Structures are given as C-alpha cells and as structure tokens.
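work_26.tsv (TSV, C-alpha atoms) appears below.
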chain	number	residue	atom	x	y	z
A	1	MET	CA	27.86	26.04	-2.98
A	2	THR	CA	27.36	26.09	0.74
A	3	GLY	CA	28.03	23.11	2.98
A	4	ALA	CA	24.34	22.21	2.68
A	5	PHE	CA	25.22	19.85	-0.16
A	6	ASP	CA	28.38	18.30	1.31
A	7	ASP	CA	26.63	14.98	1.96
A	8	LEU	CA	25.72	14.72	-1.74
A	9	LEU	CA	29.18	15.71	-2.96
A	10	ALA	CA	30.80	13.16	-0.66
A	11	ALA	CA	28.46	10.43	-1.91
A	12	ASN	CA	29.22	11.44	-5.49
A	13	GLU	CA	32.97	11.07	-4.87
A	14	LYS	CA	32.38	7.41	-4.18
A	15	TYR	CA	29.99	7.00	-7.14
A	16	ALA	CA	32.49	8.60	-9.52
A	17	SER	CA	35.38	6.49	-8.24
A	18	ASP	CA	33.37	3.35	-9.05
A	19	PHE	CA	32.03	4.73	-12.34
A	20	SER	CA	32.88	2.46	-15.24
A	21	GLY	CA	32.34	4.98	-18.01
A	22	SER	CA	29.88	4.71	-20.80
A	23	ASP	CA	29.60	5.06	-24.58
A	24	LEU	CA	25.94	6.01	-24.36
A	25	THR	CA	24.72	9.16	-26.08
A	26	GLY	CA	21.67	11.27	-25.29
A	27	ARG	CA	19.53	9.33	-27.79
A	28	ALA	CA	16.75	7.15	-26.39
A	29	LEU	CA	17.82	3.64	-27.41
A	30	ARG	CA	14.32	2.21	-26.96
A	31	GLY	CA	12.57	5.24	-28.45
A	32	LEU	CA	10.76	5.98	-25.22
A	33	ALA	CA	9.94	9.06	-23.17
A	34	VAL	CA	8.28	8.68	-19.77
A	35	VAL	CA	6.39	11.58	-18.17
A	36	THR	CA	6.09	10.95	-14.45
A	37	CYS	CA	5.92	12.65	-11.08
A	38	MET	CA	8.74	14.07	-8.94
A	39	ASP	CA	7.90	11.53	-6.21
A	40	SER	CA	11.09	9.64	-5.46
A	41	ARG	CA	9.26	6.45	-4.53
A	42	ILE	CA	9.12	6.04	-8.32
A	43	ASP	CA	12.14	4.36	-9.94
A	44	PRO	CA	11.21	4.93	-13.59
A	45	LEU	CA	13.93	2.81	-15.15
A	46	GLY	CA	13.61	-0.05	-12.67
A	47	LEU	CA	9.86	-0.39	-12.78
A	48	LEU	CA	9.80	-0.49	-16.57
A	49	GLY	CA	12.77	-2.82	-17.00
A	50	LEU	CA	14.92	-0.12	-18.60
A	51	ARG	CA	18.60	0.65	-18.44
A	52	ALA	CA	20.52	3.90	-18.60
A	53	GLY	CA	20.32	5.25	-22.14
A	54	ASP	CA	17.01	3.59	-23.03
A	55	ALA	CA	14.60	6.45	-22.39
A	56	LYS	CA	14.11	10.13	-21.67
A	57	ILE	CA	12.60	10.77	-18.25
A	58	LEU	CA	10.45	13.87	-17.61
A	59	ARG	CA	9.25	14.65	-14.07
A	60	ASN	CA	7.17	17.36	-12.44
A	61	ALA	CA	4.49	17.64	-9.78
A	62	GLY	CA	1.72	15.25	-10.76
A	63	ALA	CA	3.14	13.98	-14.07
A	64	ARG	CA	1.13	16.74	-15.74
A	65	VAL	CA	1.57	17.53	-19.44
A	66	THR	CA	2.44	21.21	-19.11
A	67	ASP	CA	3.85	23.46	-21.82
A	68	ASP	CA	7.29	22.63	-20.42
A	69	VAL	CA	6.64	18.93	-20.97
A	70	LEU	CA	5.45	19.57	-24.53
A	71	ARG	CA	8.58	21.66	-25.24
A	72	THR	CA	10.72	18.83	-23.88
A	73	LEU	CA	8.87	16.19	-25.91
A	74	VAL	CA	9.37	18.15	-29.14
A	75	LEU	CA	13.12	18.08	-28.51
A	76	ALA	CA	13.02	14.42	-27.47
A	77	VAL	CA	11.11	13.38	-30.60
A	78	TYR	CA	12.94	15.38	-33.25
A	79	LEU	CA	16.47	15.36	-31.83
A	80	LEU	CA	16.76	12.30	-29.60
A	81	GLY	CA	14.93	9.41	-31.22
A	82	VAL	CA	11.71	9.25	-29.20
A	83	ASP	CA	8.71	7.70	-30.98
A	84	ARG	CA	6.55	6.65	-28.01
A	85	VAL	CA	5.52	8.43	-24.84
A	86	LEU	CA	4.17	6.92	-21.63
A	87	VAL	CA	2.42	9.31	-19.22
A	88	MET	CA	2.70	7.73	-15.77
A	89	PRO	CA	1.16	9.35	-12.67
A	90	HIS	CA	1.06	7.33	-9.44
A	91	THR	CA	-1.19	6.37	-6.54
A	92	ASP	CA	-0.97	8.22	-3.20
A	93	CYS	CA	0.02	11.43	-5.03
A	94	ARG	CA	-0.21	14.62	-2.97
A	95	MET	CA	-1.49	16.36	-6.10
A	96	SER	CA	-4.63	14.21	-6.05
A	97	LYS	CA	-5.47	15.04	-2.42
A	98	SER	CA	-6.23	18.78	-2.60
A	99	THR	CA	-7.62	21.32	-4.99
A	100	ASP	CA	-5.56	24.30	-6.09
A	101	GLU	CA	-7.70	26.48	-3.81
A	102	GLU	CA	-6.97	24.29	-0.80
A	103	VAL	CA	-3.23	24.46	-1.49
A	104	HIS	CA	-3.36	28.25	-1.84
A	105	ASP	CA	-5.24	28.47	1.46
A	106	LEU	CA	-2.83	26.13	3.24
A	107	ILE	CA	0.29	28.05	2.11
A	108	ALA	CA	-1.33	31.38	3.00
A	109	ALA	CA	-2.31	30.14	6.45
A	110	GLU	CA	0.98	28.43	7.29
A	111	ARG	CA	3.49	30.69	5.55
A	112	GLY	CA	1.68	33.93	4.77
A	113	ILE	CA	2.45	33.73	1.05
A	114	ASP	CA	-0.22	34.42	-1.55
A	115	THR	CA	0.27	31.89	-4.37
A	116	ARG	CA	-3.04	32.48	-6.11
A	117	SER	CA	-1.38	33.76	-9.28
A	118	LEU	CA	0.06	30.25	-9.81
A	119	GLU	CA	-1.73	27.28	-11.35
A	120	PHE	CA	-0.77	24.16	-9.40
A	121	HIS	CA	-2.50	21.70	-11.76
A	122	THR	CA	-3.78	19.58	-8.89
A	123	VAL	CA	-5.62	16.40	-9.90
A	124	PRO	CA	-9.14	15.89	-8.55
A	125	ASP	CA	-9.66	12.86	-10.85
A	126	GLN	CA	-6.56	10.94	-11.91
A	127	ASN	CA	-8.13	9.09	-14.83
A	128	ALA	CA	-9.67	12.28	-16.20
A	129	ALA	CA	-6.39	14.16	-15.79
A	130	LEU	CA	-4.51	11.37	-17.55
A	131	ARG	CA	-6.91	11.40	-20.48
A	132	HIS	CA	-6.55	15.17	-20.66
A	133	ASP	CA	-2.76	14.97	-20.56
A	134	VAL	CA	-2.49	12.24	-23.18
A	135	THR	CA	-4.79	14.27	-25.42
A	136	ARG	CA	-2.55	17.33	-24.98
A	137	ILE	CA	0.30	15.31	-26.49
A	138	LYS	CA	-1.75	13.66	-29.24
A	139	ALA	CA	-3.34	16.95	-30.31
A	140	SER	CA	-0.16	19.01	-30.28
A	141	PRO	CA	0.48	20.58	-33.70
A	142	PHE	CA	4.20	20.43	-32.90
A	143	LEU	CA	4.38	16.65	-32.51
A	144	PRO	CA	3.97	14.06	-35.27
A	145	SER	CA	0.67	12.21	-35.64
A	146	THR	CA	2.69	8.99	-35.76
A	147	LEU	CA	3.81	9.41	-32.14
A	148	THR	CA	2.45	6.59	-29.95
A	149	VAL	CA	1.09	7.83	-26.62
A	150	GLY	CA	-0.11	5.74	-23.69
A	151	GLY	CA	-1.12	6.29	-20.09
A	152	ALA	CA	-0.77	4.12	-17.00
A	153	ILE	CA	-0.95	4.67	-13.24
A	154	TYR	CA	1.88	3.34	-11.08
A	155	ASP	CA	0.93	1.90	-7.68
A	156	VAL	CA	3.64	2.98	-5.22
A	157	HIS	CA	2.51	0.33	-2.72
A	158	THR	CA	2.57	-2.71	-5.01
A	159	GLY	CA	5.05	-1.67	-7.71
A	160	ARG	CA	2.44	-2.46	-10.35
A	161	LEU	CA	1.61	-0.40	-13.43
A	162	ALA	CA	-2.06	-0.26	-14.49
A	163	PRO	CA	-2.73	0.86	-18.07
A	164	VAL	CA	-5.63	3.29	-18.43
A	165	GLU	CA	-7.91	3.06	-21.43
A	166	LEU	CA	-7.98	6.47	-23.06
B	1	MET	CA	-3.01	1.20	-24.63
B	2	THR	CA	-1.70	-0.27	-27.85
B	3	GLY	CA	0.81	-3.10	-27.98
B	4	ALA	CA	3.55	-0.48	-28.31
B	5	PHE	CA	4.08	-0.63	-24.56
B	6	ASP	CA	3.86	-4.42	-24.09
B	7	ASP	CA	7.60	-4.70	-23.43
B	8	LEU	CA	7.29	-2.25	-20.53
B	9	LEU	CA	4.21	-3.90	-19.07
B	10	ALA	CA	5.86	-7.31	-19.20
B	11	ALA	CA	8.95	-5.95	-17.45
B	12	ASN	CA	6.75	-4.32	-14.82
B	13	GLU	CA	5.03	-7.66	-14.10
B	14	LYS	CA	8.37	-9.00	-12.99
B	15	TYR	CA	9.23	-5.83	-11.03
B	16	ALA	CA	5.91	-5.91	-9.17
B	17	SER	CA	6.21	-9.61	-8.36
B	18	ASP	CA	9.58	-8.90	-6.70
B	19	PHE	CA	8.37	-5.67	-5.05
B	20	SER	CA	8.81	-5.76	-1.30
B	21	GLY	CA	6.39	-2.96	-0.46
B	22	SER	CA	7.26	0.25	1.27
B	23	ASP	CA	6.12	2.52	4.08
B	24	LEU	CA	7.56	5.60	2.42
B	25	THR	CA	5.36	8.63	1.90
B	26	GLY	CA	5.70	11.42	-0.66
B	27	ARG	CA	7.74	13.57	1.75
B	28	ALA	CA	11.41	14.12	0.94
B	29	LEU	CA	13.20	12.43	3.83
B	30	ARG	CA	16.44	14.32	3.22
B	31	GLY	CA	14.72	17.62	2.43
B	32	LEU	CA	16.10	17.66	-1.09
B	33	ALA	CA	14.79	18.48	-4.55
B	34	VAL	CA	16.98	17.89	-7.61
B	35	VAL	CA	16.29	19.66	-10.91
B	36	THR	CA	17.99	17.76	-13.70
B	37	CYS	CA	17.72	16.87	-17.36
B	38	MET	CA	15.60	14.19	-19.04
B	39	ASP	CA	18.79	12.45	-20.22
B	40	SER	CA	18.59	8.87	-18.97
B	41	ARG	CA	22.36	8.54	-18.64
B	42	ILE	CA	21.70	10.41	-15.39
B	43	ASP	CA	20.80	8.25	-12.37
B	44	PRO	CA	19.91	11.04	-9.92
B	45	LEU	CA	19.52	8.89	-6.83
B	46	GLY	CA	22.55	6.74	-7.51
B	47	LEU	CA	24.97	9.55	-8.30
B	48	LEU	CA	24.02	11.47	-5.14
B	49	GLY	CA	23.98	8.49	-2.80
B	50	LEU	CA	20.23	8.72	-2.26
B	51	ARG	CA	17.56	6.12	-1.74
B	52	ALA	CA	13.89	6.00	-2.72
B	53	GLY	CA	12.00	8.50	-0.58
B	54	ASP	CA	14.93	10.82	0.06
B	55	ALA	CA	14.30	13.47	-2.58
B	56	LYS	CA	11.97	14.93	-5.16
B	57	ILE	CA	13.30	14.63	-8.70
B	58	LEU	CA	12.35	17.17	-11.39
B	59	ARG	CA	13.44	16.61	-15.00
B	60	ASN	CA	13.01	18.45	-18.27
B	61	ALA	CA	15.08	19.27	-21.34
B	62	GLY	CA	18.25	20.94	-20.11
B	63	ALA	CA	17.47	21.03	-16.37
B	64	ARG	CA	16.05	24.53	-16.95
B	65	VAL	CA	14.15	26.35	-14.21
B	66	THR	CA	10.93	26.96	-16.11
B	67	ASP	CA	7.64	28.14	-14.63
B	68	ASP	CA	6.67	24.47	-14.39
B	69	VAL	CA	9.74	23.79	-12.26
B	70	LEU	CA	8.94	26.76	-10.01
B	71	ARG	CA	5.34	25.54	-9.60
B	72	THR	CA	6.64	22.10	-8.70
B	73	LEU	CA	9.17	23.50	-6.22
B	74	VAL	CA	6.48	25.52	-4.43
B	75	LEU	CA	4.54	22.30	-3.87
B	76	ALA	CA	7.70	20.40	-2.89
B	77	VAL	CA	8.73	23.04	-0.35
B	78	TYR	CA	5.39	23.76	1.32
B	79	LEU	CA	3.77	20.34	1.13
B	80	LEU	CA	6.56	17.77	0.95
B	81	GLY	CA	9.38	18.85	3.23
B	82	VAL	CA	11.94	20.23	0.76
B	83	ASP	CA	14.36	22.83	2.15
B	84	ARG	CA	17.25	22.58	-0.32
B	85	VAL	CA	17.35	22.46	-4.11
B	86	LEU	CA	20.18	21.28	-6.35
B	87	VAL	CA	20.03	22.35	-10.01
B	88	MET	CA	22.04	19.78	-11.95
B	89	PRO	CA	22.54	20.02	-15.72
B	90	HIS	CA	25.06	17.67	-17.35
B	91	THR	CA	27.89	17.55	-19.86
B	92	ASP	CA	27.28	16.42	-23.46
B	93	CYS	CA	23.74	17.85	-23.32
B	94	ARG	CA	22.02	18.23	-26.68
B	95	MET	CA	20.53	21.49	-25.37
B	96	SER	CA	24.01	23.02	-25.19
B	97	LYS	CA	24.88	22.17	-28.79
B	98	SER	CA	22.40	24.29	-30.75
B	99	THR	CA	20.58	27.59	-30.49
B	100	ASP	CA	16.79	27.75	-30.52
B	101	GLU	CA	17.00	29.09	-34.07
B	102	GLU	CA	19.10	26.14	-35.23
B	103	VAL	CA	16.61	23.68	-33.71
B	104	HIS	CA	13.68	25.45	-35.36
B	105	ASP	CA	15.52	25.32	-38.70
B	106	LEU	CA	16.42	21.64	-38.30
B	107	ILE	CA	12.84	20.59	-37.49
B	108	ALA	CA	11.45	22.69	-40.34
B	109	ALA	CA	13.94	21.21	-42.81
B	110	GLU	CA	13.57	17.58	-41.71
B	111	ARG	CA	9.91	17.44	-40.74
B	112	GLY	CA	8.26	20.50	-42.26
B	113	ILE	CA	6.93	21.71	-38.90
B	114	ASP	CA	7.21	25.35	-37.86
B	115	THR	CA	8.09	25.37	-34.15
B	116	ARG	CA	9.07	29.04	-33.94
B	117	SER	CA	6.24	29.87	-31.54
B	118	LEU	CA	7.94	27.66	-28.93
B	119	GLU	CA	10.85	28.65	-26.67
B	120	PHE	CA	13.23	25.69	-26.41
B	121	HIS	CA	15.45	27.25	-23.72
B	122	THR	CA	18.62	25.94	-25.35
B	123	VAL	CA	21.83	26.60	-23.44
B	124	PRO	CA	24.65	28.42	-25.27
B	125	ASP	CA	26.63	28.78	-22.00
B	126	GLN	CA	26.01	26.18	-19.28
B	127	ASN	CA	27.53	28.13	-16.40
B	128	ALA	CA	25.58	31.27	-17.33
B	129	ALA	CA	22.35	29.28	-17.70
B	130	LEU	CA	22.92	27.63	-14.34
B	131	ARG	CA	23.48	30.97	-12.63
B	132	HIS	CA	20.32	32.27	-14.29
B	133	ASP	CA	18.32	29.24	-13.21
B	134	VAL	CA	19.53	29.28	-9.60
B	135	THR	CA	18.67	32.98	-9.45
B	136	ARG	CA	15.15	32.23	-10.73
B	137	ILE	CA	14.64	30.02	-7.69
B	138	LYS	CA	16.33	32.33	-5.18
B	139	ALA	CA	14.41	35.37	-6.41
B	140	SER	CA	11.00	33.74	-6.60
B	141	PRO	CA	8.47	35.61	-4.43
B	142	PHE	CA	6.68	32.29	-3.97
B	143	LEU	CA	9.57	30.47	-2.32
B	144	PRO	CA	11.03	31.15	1.15
B	145	SER	CA	14.25	33.15	1.45
B	146	THR	CA	15.53	30.38	3.74
B	147	LEU	CA	15.56	27.86	0.88
B	148	THR	CA	19.12	26.68	0.14
B	149	VAL	CA	19.86	26.53	-3.58
B	150	GLY	CA	22.98	25.14	-5.25
B	151	GLY	CA	24.15	24.32	-8.76
B	152	ALA	CA	26.47	21.62	-10.07
B	153	ILE	CA	27.21	20.08	-13.47
B	154	TYR	CA	27.21	16.29	-13.77
B	155	ASP	CA	29.79	14.75	-16.09
B	156	VAL	CA	28.08	11.85	-17.88
B	157	HIS	CA	31.45	10.39	-18.91
B	158	THR	CA	33.12	10.32	-15.49
B	159	GLY	CA	30.14	10.20	-13.11
B	160	ARG	CA	31.53	13.22	-11.29
B	161	LEU	CA	29.56	16.22	-10.06
B	162	ALA	CA	31.28	19.63	-10.28
B	163	PRO	CA	29.80	22.40	-8.09
B	164	VAL	CA	29.51	25.76	-9.84
B	165	GLU	CA	30.19	28.94	-7.91
B	166	LEU	CA	27.16	31.13	-8.32
Take the structure I supplied and represent it as structure tokens, if you would.
Amino acid sequence: MTGAFDDLLAANEKYASDFSGSDLTGRALRGLAVVTCMDSRIDPLGLLGLRAGDAKILRNAGARVTDDVLRTLVLAVYLLGVDRVLVMPHTDCRMSKSTDEEVHDLIAAERGIDTRSLEFHTVPDQNAALRHDVTRIKASPFLPSTLTVGGAIYDVHTGRLAPVEL
Amino acid sequence: MTGAFDDLLAANEKYASDFSGSDLTGRALRGLAVVTCMDSRIDPLGLLGLRAGDAKILRNAGARVTDDVLRTLVLAVYLLGVDRVLVMPHTDCRMSKSTDEEVHDLIAAERGIDTRSLEFHTVPDQNAALRHDVTRIKASPFLPSTLTVGGAIYDVHTGRLAPVEL
C-alpha cells in the first residue's frame, strides 16, 4: 500500500498492542443483523446497546436492501445464527436529498463522468423506501418465513431510534 | 415493529438520553471509505483510530467489492468527500471456509431451500480475492483515477491489520 494509509496503520499498531484477544466467533450471539447506512455518524453497536460479537452489521449508501444485502442476509441467517433483521436508515441522509437524476447531473457537471448506467437507489421518501426494503426481505424466497424483520429510523442529531410501522 | 426488538429500543432509550449531540455532517472528514465484512468482531473505527464522522463504512459478507459497493463508493467519492478507500477483509471469515457450492448444498440439506441462483462470492483465497476487489475499484470507469485504493487483512484474534501488496 502507498503511504496514504500510514495514519491508519500507525493507529492500528496502538490498537493491536492494547488488544486483549477474544474467544468470539463469527456467529451473531443475539441473533441480530442490522442493515444501515455507510454514514459514520452511526455507531450501530453503541446505539443499540450491543457488544462485539452480538450482531452482523451490513452497511451501504442509504441502508437499502439491494441484492448484495439479500445475499449477505442469506449467509447470516443460515450460517451465522441470525433470526431477526433491523433495517435502520437515518435522518439527514444525503441519499434522501436528491433524485438519481440529480446525482447523475451533478457528477456529469462537476466531473464529466456519465453515471447514468448506474442505479443509485436514492430515497425520495424514507418511510416508503423502508417499507419497500423490509418487504424485499420478508418476500425473499431465499429467506425463511420465520425471520423477524423490523424497520426504524435513527436520528443522527438526537441519537434516538424511531420504529416505523410497516 | 413486534416485541422482538424491544431489547434494542430499550437500550437506545438510554443511549439517546446520554447523547451529547453533534455538528457532524455526512462528509468523511478524513476522506476515507472502508469496505469491510459484516462480522461484528470488527470495530472499524476503533481499530483504525477513527472517530465518528471521519469515514464512510461499507459492510457486506466477505468485504467483497460488489456492484452495490461500487455504487456506494461513487456516491461517497463525488458527494461525501472520499478520496481513499481501504478494502479490509478479516481472518477467520466464514466466507473463506466454504465454496459457493458447499454453501448451496448445506442450505439445501438443512433447510430445503435451493439457493443456486444466487452468487455468494465466497473466498477460496483471501489474497487473490482482495487483489480482485481492489482492481474492481481501480478499474471502475465511474471512479476517478486519482482515487487511492489499498487492501489489508484484519486479524480478529490479535487486532492487527496486515497490508497486502497488490
């Protein structure tokens, strides 16, 4: 790697020297998977009262239930002990502030790159998107009908989680 | 939501009542995106010496650079200030212990579900997969050639990050 990551490697030296080891495995001790956004204002374990080893954490732009998320959930459920899934988008999300078309236009104007062959899965209506995404999990023929699925929106300004009726 | 998430909502009540607020935005203050696995033994911010707001965190099964990850990186780079990406799989990953075929067979035998229309992106060789995944980012026509991309494997038993020459 180039020196562009030297700050991270130096910080990791210190982390590793203080690391106390762990007997945890990859199984989700509390049977939970959380699908949330890449936004690093979100501390998924902290805000849900979890510890390392308790849950599987999935993150992408917008906390959207893409095919990649469904693939990951199949593995989490059948191999790693997950029996409940919380889909958790957040307030003040960049994905909820533009349409796909606006993002394509912005990137074309600023960088000269045509991204129109991509689907960004922007979120014009967060409640509607959350209902859609929870349904994608519940209706998947690859996941068990016994899987419990819930949705809630995390407020990055108050730290509070608001369940959404689906 | 059903009562299946009451433990999480109760824990969040306490988190929110202690929450001190924040002026952070969705921009990555240290220009970083990290692509890692859903495994919750990984504390991405902690192990890299980061704080909330510093980085975008992407997570799926195996830290694989799927189309969903590329979509997310395009948004992170052009809208949220990311100019370097670290792809960070980990040791003791379930994805490195079976082939796709073995996972299909296991799910069919244990649960009677035919998942063979899915690609699981299991990882027979972690270094090879990491090189492949870093190349997927570097070669993307949708991302700038100036984007810095690195790869490193995180050891869940020692807390240490090992850069991989690509």
*asked:* Quick one: residues within 10 Å of Arg27 in chain B, all atoms listed in the file, excluding same-chain residues fewer than 5 positions away - as a list in words?
replied: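 Final neighbour list, sorted by chain and number: Asp39, Ser40, Arg41 and Arg94 of chain A; Leu32, Gly53, Asp54, Ala55, Lys56, Ala76, Val77, Leu79, Leu80, Gly81 and Val82 of chain B.
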*Of the residues A:Met95, A:Ile42, A:Val85, A:Ala4, which is the one nearest to His157 in chain A, using only C-alpha atoms?*
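For His157 in chain A, the nearest of the candidates is A:Ile42.
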*When you draw a straight line from CA of Ile153 in chain A to CA of Pro89 in chain B, how long is it in Å?*
28.2 Å
*Mind listing as an MDAnalysis selection string which residues of chain A are within 7 Å of chain B, counting all atoms listed in the file?*
chainID A and resid 1 8 11:13 15:16 19 21:22 26 38:41 47:49 52:61 68:69 71:72 78 107 113 115 120 142 150 157:161 163 165
Since chain A and chain B share a sequence, can you fit the second onto the first over all C-alpha atoms in order and output it as a CSV table (one decimal) with C-alpha atoms, keeping the file's coordinate frame?
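Written file, superposed-v8.csv:
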chain,number,residue,atom,x,y,z
B,1,MET,CA,27.9,26.1,-3.0
B,2,THR,CA,27.4,26.1,0.7
B,3,GLY,CA,28.1,23.1,3.0
B,4,ALA,CA,24.4,22.2,2.7
B,5,PHE,CA,25.2,19.9,-0.2
B,6,ASP,CA,28.4,18.3,1.3
B,7,ASP,CA,26.6,15.0,2.0
B,8,LEU,CA,25.7,14.7,-1.7
B,9,LEU,CA,29.2,15.7,-2.9
B,10,ALA,CA,30.8,13.1,-0.7
B,11,ALA,CA,28.5,10.4,-1.9
B,12,ASN,CA,29.2,11.4,-5.5
B,13,GLU,CA,33.0,11.1,-4.9
B,14,LYS,CA,32.4,7.4,-4.2
B,15,TYR,CA,30.0,7.0,-7.1
B,16,ALA,CA,32.5,8.6,-9.5
B,17,SER,CA,35.4,6.5,-8.2
B,18,ASP,CA,33.4,3.3,-9.0
B,19,PHE,CA,32.0,4.7,-12.3
B,20,SER,CA,32.9,2.4,-15.2
B,21,GLY,CA,32.4,5.0,-18.0
B,22,SER,CA,29.9,4.7,-20.8
B,23,ASP,CA,29.6,5.0,-24.6
B,24,LEU,CA,25.9,6.0,-24.4
B,25,THR,CA,24.7,9.1,-26.1
B,26,GLY,CA,21.7,11.3,-25.3
B,27,ARG,CA,19.5,9.3,-27.8
B,28,ALA,CA,16.8,7.2,-26.4
B,29,LEU,CA,17.8,3.7,-27.4
B,30,ARG,CA,14.3,2.2,-27.0
B,31,GLY,CA,12.6,5.2,-28.5
B,32,LEU,CA,10.8,6.0,-25.2
B,33,ALA,CA,9.9,9.1,-23.2
B,34,VAL,CA,8.3,8.7,-19.8
B,35,VAL,CA,6.4,11.6,-18.2
B,36,THR,CA,6.1,10.9,-14.4
B,37,CYS,CA,5.9,12.7,-11.1
B,38,MET,CA,8.7,14.1,-8.9
B,39,ASP,CA,7.9,11.5,-6.2
B,40,SER,CA,11.1,9.6,-5.5
B,41,ARG,CA,9.3,6.5,-4.5
B,42,ILE,CA,9.1,6.1,-8.3
B,43,ASP,CA,12.1,4.4,-9.9
B,44,PRO,CA,11.2,4.9,-13.6
B,45,LEU,CA,13.9,2.8,-15.1
B,46,GLY,CA,13.6,0.0,-12.7
B,47,LEU,CA,9.9,-0.4,-12.8
B,48,LEU,CA,9.8,-0.5,-16.6
B,49,GLY,CA,12.8,-2.8,-17.0
B,50,LEU,CA,14.9,-0.1,-18.6
B,51,ARG,CA,18.6,0.6,-18.4
B,52,ALA,CA,20.5,3.9,-18.6
B,53,GLY,CA,20.3,5.3,-22.1
B,54,ASP,CA,17.0,3.6,-23.0
B,55,ALA,CA,14.6,6.5,-22.4
B,56,LYS,CA,14.1,10.1,-21.7
B,57,ILE,CA,12.6,10.8,-18.3
B,58,LEU,CA,10.4,13.9,-17.6
B,59,ARG,CA,9.2,14.6,-14.1
B,60,ASN,CA,7.2,17.3,-12.5
B,61,ALA,CA,4.5,17.6,-9.8
B,62,GLY,CA,1.7,15.2,-10.7
B,63,ALA,CA,3.1,14.0,-14.1
B,64,ARG,CA,1.1,16.7,-15.8
B,65,VAL,CA,1.6,17.5,-19.4
B,66,THR,CA,2.4,21.2,-19.1
B,67,ASP,CA,3.8,23.4,-21.8
B,68,ASP,CA,7.3,22.6,-20.4
B,69,VAL,CA,6.6,18.9,-21.0
B,70,LEU,CA,5.4,19.6,-24.5
B,71,ARG,CA,8.6,21.6,-25.3
B,72,THR,CA,10.7,18.8,-23.9
B,73,LEU,CA,8.9,16.2,-25.9
B,74,VAL,CA,9.4,18.1,-29.1
B,75,LEU,CA,13.1,18.1,-28.5
B,76,ALA,CA,13.0,14.4,-27.5
B,77,VAL,CA,11.1,13.4,-30.6
B,78,TYR,CA,12.9,15.4,-33.3
B,79,LEU,CA,16.5,15.4,-31.8
B,80,LEU,CA,16.8,12.3,-29.6
B,81,GLY,CA,14.9,9.4,-31.2
B,82,VAL,CA,11.7,9.2,-29.2
B,83,ASP,CA,8.7,7.7,-31.0
B,84,ARG,CA,6.5,6.6,-28.0
B,85,VAL,CA,5.5,8.4,-24.8
B,86,LEU,CA,4.2,6.9,-21.6
B,87,VAL,CA,2.4,9.3,-19.2
B,88,MET,CA,2.7,7.7,-15.8
B,89,PRO,CA,1.2,9.4,-12.7
B,90,HIS,CA,1.1,7.3,-9.5
B,91,THR,CA,-1.2,6.4,-6.6
B,92,ASP,CA,-1.0,8.2,-3.2
B,93,CYS,CA,0.0,11.4,-5.0
B,94,ARG,CA,-0.2,14.6,-3.0
B,95,MET,CA,-1.5,16.4,-6.1
B,96,SER,CA,-4.6,14.2,-6.0
B,97,LYS,CA,-5.5,15.0,-2.4
B,98,SER,CA,-6.2,18.8,-2.6
B,99,THR,CA,-7.6,21.3,-5.0
B,100,ASP,CA,-5.6,24.3,-6.1
B,101,GLU,CA,-7.7,26.5,-3.8
B,102,GLU,CA,-7.0,24.3,-0.8
B,103,VAL,CA,-3.2,24.5,-1.5
B,104,HIS,CA,-3.3,28.2,-1.8
B,105,ASP,CA,-5.2,28.5,1.5
B,106,LEU,CA,-2.8,26.1,3.2
B,107,ILE,CA,0.3,28.0,2.1
B,108,ALA,CA,-1.3,31.4,3.0
B,109,ALA,CA,-2.3,30.1,6.5
B,110,GLU,CA,1.0,28.4,7.3
B,111,ARG,CA,3.5,30.7,5.5
B,112,GLY,CA,1.7,33.9,4.8
B,113,ILE,CA,2.4,33.7,1.1
B,114,ASP,CA,-0.2,34.4,-1.6
B,115,THR,CA,0.3,31.9,-4.4
B,116,ARG,CA,-3.0,32.5,-6.1
B,117,SER,CA,-1.4,33.8,-9.3
B,118,LEU,CA,0.1,30.3,-9.8
B,119,GLU,CA,-1.7,27.3,-11.4
B,120,PHE,CA,-0.8,24.2,-9.4
B,121,HIS,CA,-2.5,21.7,-11.8
B,122,THR,CA,-3.8,19.6,-8.9
B,123,VAL,CA,-5.6,16.4,-9.9
B,124,PRO,CA,-9.2,15.9,-8.5
B,125,ASP,CA,-9.7,12.9,-10.8
B,126,GLN,CA,-6.6,10.9,-11.9
B,127,ASN,CA,-8.1,9.1,-14.8
B,128,ALA,CA,-9.7,12.3,-16.2
B,129,ALA,CA,-6.4,14.2,-15.8
B,130,LEU,CA,-4.5,11.4,-17.5
B,131,ARG,CA,-6.9,11.4,-20.5
B,132,HIS,CA,-6.6,15.2,-20.7
B,133,ASP,CA,-2.8,15.0,-20.6
B,134,VAL,CA,-2.5,12.2,-23.2
B,135,THR,CA,-4.8,14.3,-25.4
B,136,ARG,CA,-2.5,17.3,-25.0
B,137,ILE,CA,0.3,15.3,-26.5
B,138,LYS,CA,-1.8,13.7,-29.2
B,139,ALA,CA,-3.3,16.9,-30.3
B,140,SER,CA,-0.2,19.0,-30.3
B,141,PRO,CA,0.5,20.6,-33.7
B,142,PHE,CA,4.2,20.4,-32.9
B,143,LEU,CA,4.4,16.7,-32.5
B,144,PRO,CA,4.0,14.1,-35.3
B,145,SER,CA,0.7,12.2,-35.6
B,146,THR,CA,2.7,9.0,-35.8
B,147,LEU,CA,3.8,9.4,-32.1
B,148,THR,CA,2.4,6.6,-29.9
B,149,VAL,CA,1.1,7.8,-26.6
B,150,GLY,CA,-0.1,5.7,-23.7
B,151,GLY,CA,-1.1,6.3,-20.1
B,152,ALA,CA,-0.8,4.1,-17.0
B,153,ILE,CA,-1.0,4.7,-13.2
B,154,TYR,CA,1.9,3.3,-11.1
B,155,ASP,CA,0.9,1.9,-7.7
B,156,VAL,CA,3.6,3.0,-5.2
B,157,HIS,CA,2.5,0.3,-2.7
B,158,THR,CA,2.6,-2.7,-5.0
B,159,GLY,CA,5.0,-1.7,-7.7
B,160,ARG,CA,2.4,-2.5,-10.3
B,161,LEU,CA,1.6,-0.4,-13.4
B,162,ALA,CA,-2.1,-0.2,-14.5
B,163,PRO,CA,-2.7,0.9,-18.1
B,164,VAL,CA,-5.6,3.3,-18.4
B,165,GLU,CA,-7.9,3.1,-21.4
B,166,LEU,CA,-8.0,6.5,-23.0
*Distance CA of Met88 in chain A-CA of Leu147 in chain A, one decimal place?*
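If I compute the distance from CA of Met88 in chain A to CA of Leu147 in chain A, I get 16.5 Å.
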_Atom pair CA of Thr135 in chain B / CA of Gly31 in chain B: separation (Å)_ =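 Value for the CA of Thr135 in chain B-CA of Gly31 in chain B distance: 19.8 Å.
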Let me have the centre and edge lengths of the axis-aligned box enclosing all listed atoms of range 30-43 of chain B with 8 Å padding on every side, in Å to one decimal, as JSON.
{"center_x": 18.5, "center_y": 14.0, "center_z": -8.5, "size_x": 23.6, "size_y": 27.4, "size_z": 39.4}
*Given the choices A:Asn127, A:Gly112, A:Lys138, A:Glu102, which gets closest to His90 in chain A if the distance is worked out from only C-alpha atoms?*
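Once distances to His90 in chain A are computed over only C-alpha atoms, the minimum belongs to A:Asn127.
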*asked:* Excluding Gln126 in chain B and its own-chain neighbours fewer than 2 positions away, which residues fall within 9 Å of it when counting only C-alpha atoms? Please give them as an NGL selection string.
replied: :B and (89-91 or 96 or 123-124 or 128-131 or 153)
